[in-house]
Each structure stands twice: as structure tokens, then as C-alpha cells.
Amino acid sequence: MSETKLVKFLQTARKPLSGTQQLTPAILSDSKGSYLRDQVVNKSDRNIIWWCRGGATIDDRYHWLKSNIVKQIEQLGNISVYIFLGTCDLTSKNKKGEIALTSQQEHFTDEIISKLCQFVTLFKKYPSSKLTILEIQVYSITEWNRYKEHTNPETFKDQDNQLQKQIETINEWIHTTNQELGSRSPLFNHHLRARKQQARGKHKPCKKYYNVKLYKDGIHPKQLLAKAWLAEIVEQVQKNCWA
């Protein structure tokens, strides 16, 4: 999408809250979540609890939740948790803060899926609470390294293509798993998809791509994109937590 289309999307009236709250929504995230939390303005958005930690991996947040879930349920009542992780597993930072693919092995995505499966197993012990795994957004190694002033960020274009394929594979599993859990993830990447006509004239082919210019640094969303993602999450939260 373009910024113009994001503005149009955000002008769509939200559905008002209705019914009785059954679950307390909580988002378990790395630093991405804090960018969405900063856009909270509506009353319905303020019902969400944010458990964000910059640089956190899936394992980091899983072990935190496993150790704290009983206490959180005692304090908040039954919870509906949204897992917003994966970025810090798919790519790794060097000492300069630049990133690269963690692995280019064909079956690396199976490792990520196995880590996410830990949450599914954990929530089987708490059947009155609910789990949703949020889609991993496509992001750009090239643009992040440009932001970090790498001398030649264009050398990471091939890694961007591989990363995109890894994310698409994992997201297929995420959407299937959410169906089994009786939930769904917003289609975050829908807001990033765009197309560009490759030549002038009618019926000319269009190139499809992800508009990573909607990020401030290739990874973290600018304000419009953060607002759009938050609106999508809130819509799903209302379906999951109110009846």
C-alpha cells in the first residue's frame, strides 16, 4: 500500500465494543509492539496489555511467559495472548548493529515453527485462555543496514529475497495453526503489498513488491503503518475477548 491508501484505510469507522469482556488481551512482543502501543488513543485500544522487550527472541519471550502465566492469569483473569515475534530469530545483529539472515539452510523455518509450537503446547494447560500467533511481517535487511550506514547495503538484496520466502513459509503455518486454535491473525503484509507498472500503456505488466518505505528503518513501522496494524489487532481482539 501507499501512505495515501493507509490514510484511507484508517478513515474507515471502527466497530464499537459490544457485549461483555470475557478475556484480557495481551500482546507478547519484541520492540515492534512498542511502536503499536505508542499509537493507542481509543478507549477500546486501552484494554490491551503490552509485554514488549526490545531484541527479544521467541525463546526469550516463551520462557518469560511460561514463568509468569499463572501470576498473570491470577491478576488479569483469563487471557488472550497475541504472539508478535520472529524478527530477532530470522535475522541476527553484529557488533555494529547491522543484521543478516540467521541461517540460509533450507529447513531453518522448521526450527522457528518448532519454537512457536511451544506456545501452543503451553496453552493446552490453560484451556480457559486463548492463544493467537500473529503473522510475521516482511521486513528489509537492506533498508535496516542502510539505516545503520552500512557502506554497501545493496549487497543484502539476495538475503531480502530469502528472508521473504522464509517469512511466507512460516506464515502459512501460522495461519493454519490459528484456524486450529479458533482464531486468526491480521494480514499485516497486506498493508505492505504494492504494485508498480513496469512500462507505460494499458495492459502492461505490473511488478508486485513490498513497500518497505512504510518502515522508519526497514523493520519498525512508521506511524501510519503502526496505526493500521493496531486497528487490525484491535478488531481481532474484539472478536476473541468480547461476547
# chains A, B, ... in the order shown; residues from 1 in each chain; ligands from 1
$ closest_atom_pairs --of "range 76-114 of chain A" --to "range 118-139 of chain A" --cutoff "10 Å" --atoms "only C-alpha atoms" --output "CSV"
residue,atom,partner,partner_atom,distance
A:Gly77,CA,A:Ser129,CA,8.8
A:Asn78,CA,A:Ser129,CA,5.0
A:Ile79,CA,A:Ser129,CA,5.0
A:Ser80,CA,A:Lys130,CA,4.5
A:Val81,CA,A:Leu131,CA,5.1
A:Tyr82,CA,A:Thr132,CA,4.8
A:Ile83,CA,A:Ile133,CA,4.7
A:Phe84,CA,A:Leu134,CA,5.3
A:Leu85,CA,A:Ile136,CA,7.0
A:Gly86,CA,A:Ile136,CA,6.5
A:Thr87,CA,A:Ile136,CA,7.5
A:Ile113,CA,A:Gln118,CA,8.9
A:Ser114,CA,A:Gln118,CA,6.9
$ write_last_selection --atoms "C-alpha atoms" --output "tab-separated table (two decimals), in the first residue's frame"
chain	number	residue	atom	x	y	z
A	77	GLY	CA	-8.28	-13.21	34.77
A	78	ASN	CA	-8.21	-15.50	31.73
A	79	ILE	CA	-6.07	-14.00	28.98
A	80	SER	CA	-5.98	-13.86	25.20
A	81	VAL	CA	-2.31	-13.67	24.21
A	82	TYR	CA	-1.07	-12.50	20.80
A	83	ILE	CA	2.46	-13.61	19.88
A	84	PHE	CA	4.17	-10.86	17.86
A	85	LEU	CA	7.69	-12.26	17.45
A	86	GLY	CA	10.13	-13.75	14.95
A	87	THR	CA	12.19	-10.83	13.68
A	113	ILE	CA	7.97	-23.15	13.75
A	114	SER	CA	9.11	-25.57	16.46
$ residues_around --residues "range 214-227 of chain A" --least-positions-apart "4" --cutoff "8 Å" --atoms "only C-alpha atoms" --output "PDB file with N, CA, C and O atoms, in the first residue's frame"
ATOM      1  N   SER A   2       0.297   2.327  -0.442  1.00  0.00           N
ATOM      2  CA  SER A   2       0.925   3.629  -0.335  1.00  0.00           C
ATOM      3  C   SER A   2       0.447   4.289   0.957  1.00  0.00           C
ATOM      4  O   SER A   2      -0.508   3.838   1.596  1.00  0.00           O
ATOM      5  N   GLU A   3       1.099   5.389   1.336  1.00  0.00           N
ATOM      6  CA  GLU A   3       0.656   6.117   2.514  1.00  0.00           C
ATOM      7  C   GLU A   3      -0.764   6.652   2.306  1.00  0.00           C
ATOM      8  O   GLU A   3      -1.559   6.707   3.245  1.00  0.00           O
ATOM      9  N   LEU A   6      -3.128   3.915   3.097  1.00  0.00           N
ATOM     10  CA  LEU A   6      -3.177   3.690   4.547  1.00  0.00           C
ATOM     11  C   LEU A   6      -4.081   4.719   5.215  1.00  0.00           C
ATOM     12  O   LEU A   6      -4.868   4.376   6.110  1.00  0.00           O
ATOM     13  N   VAL A   7      -3.971   5.974   4.794  1.00  0.00           N
ATOM     14  CA  VAL A   7      -4.827   7.022   5.350  1.00  0.00           C
ATOM     15  C   VAL A   7      -6.294   6.682   5.096  1.00  0.00           C
ATOM     16  O   VAL A   7      -7.148   6.808   5.990  1.00  0.00           O
ATOM     17  N   LEU A  10      -7.443   3.934   7.390  1.00  0.00           N
ATOM     18  CA  LEU A  10      -7.612   4.386   8.769  1.00  0.00           C
ATOM     19  C   LEU A  10      -8.842   5.268   8.946  1.00  0.00           C
ATOM     20  O   LEU A  10      -9.305   5.470  10.074  1.00  0.00           O
ATOM     21  N   LYS A  32       8.843  -4.252  18.174  1.00  0.00           N
ATOM     22  CA  LYS A  32       7.767  -3.835  17.248  1.00  0.00           C
ATOM     23  C   LYS A  32       6.510  -3.450  18.009  1.00  0.00           C
ATOM     24  O   LYS A  32       5.817  -2.502  17.649  1.00  0.00           O
ATOM     25  N   TYR A  35       5.986   0.152  19.163  1.00  0.00           N
ATOM     26  CA  TYR A  35       5.603   1.121  18.148  1.00  0.00           C
ATOM     27  C   TYR A  35       4.086   1.152  17.972  1.00  0.00           C
ATOM     28  O   TYR A  35       3.511   2.210  17.679  1.00  0.00           O
ATOM     29  N   LEU A  36       3.440   0.007  18.129  1.00  0.00           N
ATOM     30  CA  LEU A  36       1.975  -0.035  18.077  1.00  0.00           C
ATOM     31  C   LEU A  36       1.378   0.533  19.358  1.00  0.00           C
ATOM     32  O   LEU A  36       0.400   1.286  19.317  1.00  0.00           O
ATOM     33  N   GLN A  39       0.675   4.174  19.602  1.00  0.00           N
ATOM     34  CA  GLN A  39      -0.437   4.723  18.818  1.00  0.00           C
ATOM     35  C   GLN A  39      -1.786   4.525  19.505  1.00  0.00           C
ATOM     36  O   GLN A  39      -2.831   4.845  18.924  1.00  0.00           O
ATOM     37  N   TYR A 139      10.107  -7.708   6.240  1.00  0.00           N
ATOM     38  CA  TYR A 139      10.925  -6.526   6.505  1.00  0.00           C
ATOM     39  C   TYR A 139      12.188  -6.597   5.657  1.00  0.00           C
ATOM     40  O   TYR A 139      12.376  -7.547   4.889  1.00  0.00           O
ATOM     41  N   SER A 140      13.059  -5.595   5.780  1.00  0.00           N
ATOM     42  CA  SER A 140      14.175  -5.479   4.852  1.00  0.00           C
ATOM     43  C   SER A 140      15.521  -5.395   5.561  1.00  0.00           C
ATOM     44  O   SER A 140      15.790  -4.433   6.290  1.00  0.00           O
ATOM     45  N   ILE A 141      16.355  -6.394   5.311  1.00  0.00           N
ATOM     46  CA  ILE A 141      17.737  -6.367   5.792  1.00  0.00           C
ATOM     47  C   ILE A 141      18.485  -5.212   5.141  1.00  0.00           C
ATOM     48  O   ILE A 141      19.241  -4.478   5.789  1.00  0.00           O
ATOM     49  N   THR A 142      18.252  -5.025   3.851  1.00  0.00           N
ATOM     50  CA  THR A 142      18.926  -3.958   3.101  1.00  0.00           C
ATOM     51  C   THR A 142      18.647  -2.586   3.701  1.00  0.00           C
ATOM     52  O   THR A 142      19.577  -1.792   3.941  1.00  0.00           O
ATOM     53  N   GLU A 143      17.360  -2.300   3.950  1.00  0.00           N
ATOM     54  CA  GLU A 143      16.995  -0.967   4.453  1.00  0.00           C
ATOM     55  C   GLU A 143      17.452  -0.757   5.888  1.00  0.00           C
ATOM     56  O   GLU A 143      17.832   0.360   6.269  1.00  0.00           O
ATOM     57  N   TRP A 144      17.426  -1.815   6.697  1.00  0.00           N
ATOM     58  CA  TRP A 144      17.945  -1.674   8.064  1.00  0.00           C
ATOM     59  C   TRP A 144      19.439  -1.358   8.033  1.00  0.00           C
ATOM     60  O   TRP A 144      19.915  -0.470   8.741  1.00  0.00           O
ATOM     61  N   TYR A 147      20.056   2.106   7.049  1.00  0.00           N
ATOM     62  CA  TYR A 147      19.774   2.960   8.210  1.00  0.00           C
ATOM     63  C   TYR A 147      20.966   2.975   9.165  1.00  0.00           C
ATOM     64  O   TYR A 147      21.265   4.000   9.796  1.00  0.00           O
ATOM     65  N   HIS A 191      -0.879  -4.713   4.054  1.00  0.00           N
ATOM     66  CA  HIS A 191      -0.648  -3.274   4.064  1.00  0.00           C
ATOM     67  C   HIS A 191       0.692  -2.900   3.446  1.00  0.00           C
ATOM     68  O   HIS A 191       0.926  -1.723   3.148  1.00  0.00           O
ATOM     69  N   LEU A 192       1.561  -3.878   3.273  1.00  0.00           N
ATOM     70  CA  LEU A 192       2.867  -3.626   2.666  1.00  0.00           C
ATOM     71  C   LEU A 192       2.890  -3.922   1.171  1.00  0.00           C
ATOM     72  O   LEU A 192       3.766  -3.430   0.448  1.00  0.00           O
ATOM     73  N   ALA A 231      -5.066  -1.151  14.479  1.00  0.00           N
ATOM     74  CA  ALA A 231      -6.503  -1.254  14.190  1.00  0.00           C
ATOM     75  C   ALA A 231      -6.894  -2.679  13.830  1.00  0.00           C
ATOM     76  O   ALA A 231      -7.951  -3.172  14.250  1.00  0.00           O
TER      77      ALA A 231
END
$ select_by_dssp --residues "range 2-239 of chain A" --states "alpha helix (DSSP H)" --output "ChimeraX atom specification"
/A:3-10,31-37,58-76,87-90,108-123,141-147,157-181,223-239
$ atom_distance --atom1 "CA of Thr12 in chain A" --atom2 "CA of Phe188 in chain A"
16.8 Å
$ residues_around --residues "Cys52 in chain A" --least-positions-apart "5" --cutoff "8 Å" --atoms "only C-alpha atoms" --output "ChimeraX atom specification"
/A:27-34
$ residues_around --residues "Ile112 in chain A" --least-positions-apart "6" --cutoff "9 Å" --atoms "only C-alpha atoms" --output "list in words"
Ile58, Gly86, Asp89, Leu90 and Ile170 of chain A
$ write_last_selection --atoms "all heavy atoms" --output "tab-separated table (two decimals), in the first residue's frame"
chain	number	residue	atom	x	y	z
A	58	ILE	N	12.02	-15.54	20.21
A	58	ILE	CA	10.86	-16.37	20.56
A	58	ILE	C	11.12	-17.11	21.86
A	58	ILE	O	10.27	-17.13	22.76
A	58	ILE	CB	10.54	-17.36	19.42
A	58	ILE	CG1	10.10	-16.60	18.17
A	58	ILE	CG2	9.45	-18.34	19.85
A	58	ILE	CD1	10.02	-17.46	16.92
A	86	GLY	N	9.52	-13.06	16.09
A	86	GLY	CA	10.13	-13.75	14.95
A	86	GLY	C	11.25	-12.98	14.29
A	86	GLY	O	12.18	-13.57	13.75
A	89	ASP	N	14.72	-13.73	15.49
A	89	ASP	CA	15.15	-15.11	15.23
A	89	ASP	C	15.60	-15.27	13.79
A	89	ASP	O	16.58	-15.96	13.50
A	89	ASP	CB	14.01	-16.08	15.53
A	89	ASP	CG	13.66	-16.12	17.01
A	89	ASP	OD1	12.83	-15.29	17.44
A	89	ASP	OD2	14.22	-16.95	17.73
A	90	LEU	N	14.87	-14.65	12.88
A	90	LEU	CA	15.16	-14.80	11.46
A	90	LEU	C	16.44	-14.06	11.05
A	90	LEU	O	17.12	-14.47	10.12
A	90	LEU	CB	13.98	-14.28	10.63
A	90	LEU	CG	12.73	-15.17	10.67
A	90	LEU	CD1	11.52	-14.41	10.16
A	90	LEU	CD2	12.95	-16.42	9.85
A	170	ILE	N	6.71	-19.60	7.07
A	170	ILE	CA	6.28	-19.60	8.47
A	170	ILE	C	4.85	-19.09	8.59
A	170	ILE	O	4.05	-19.63	9.36
A	170	ILE	CB	7.24	-18.77	9.34
A	170	ILE	CG1	8.64	-19.40	9.32
A	170	ILE	CG2	6.73	-18.66	10.77
A	170	ILE	CD1	9.73	-18.51	9.87
$ atom_distance --atom1 "CA of Trp229 in chain A" --atom2 "CA of Pro186 in chain A"
7.8 Å
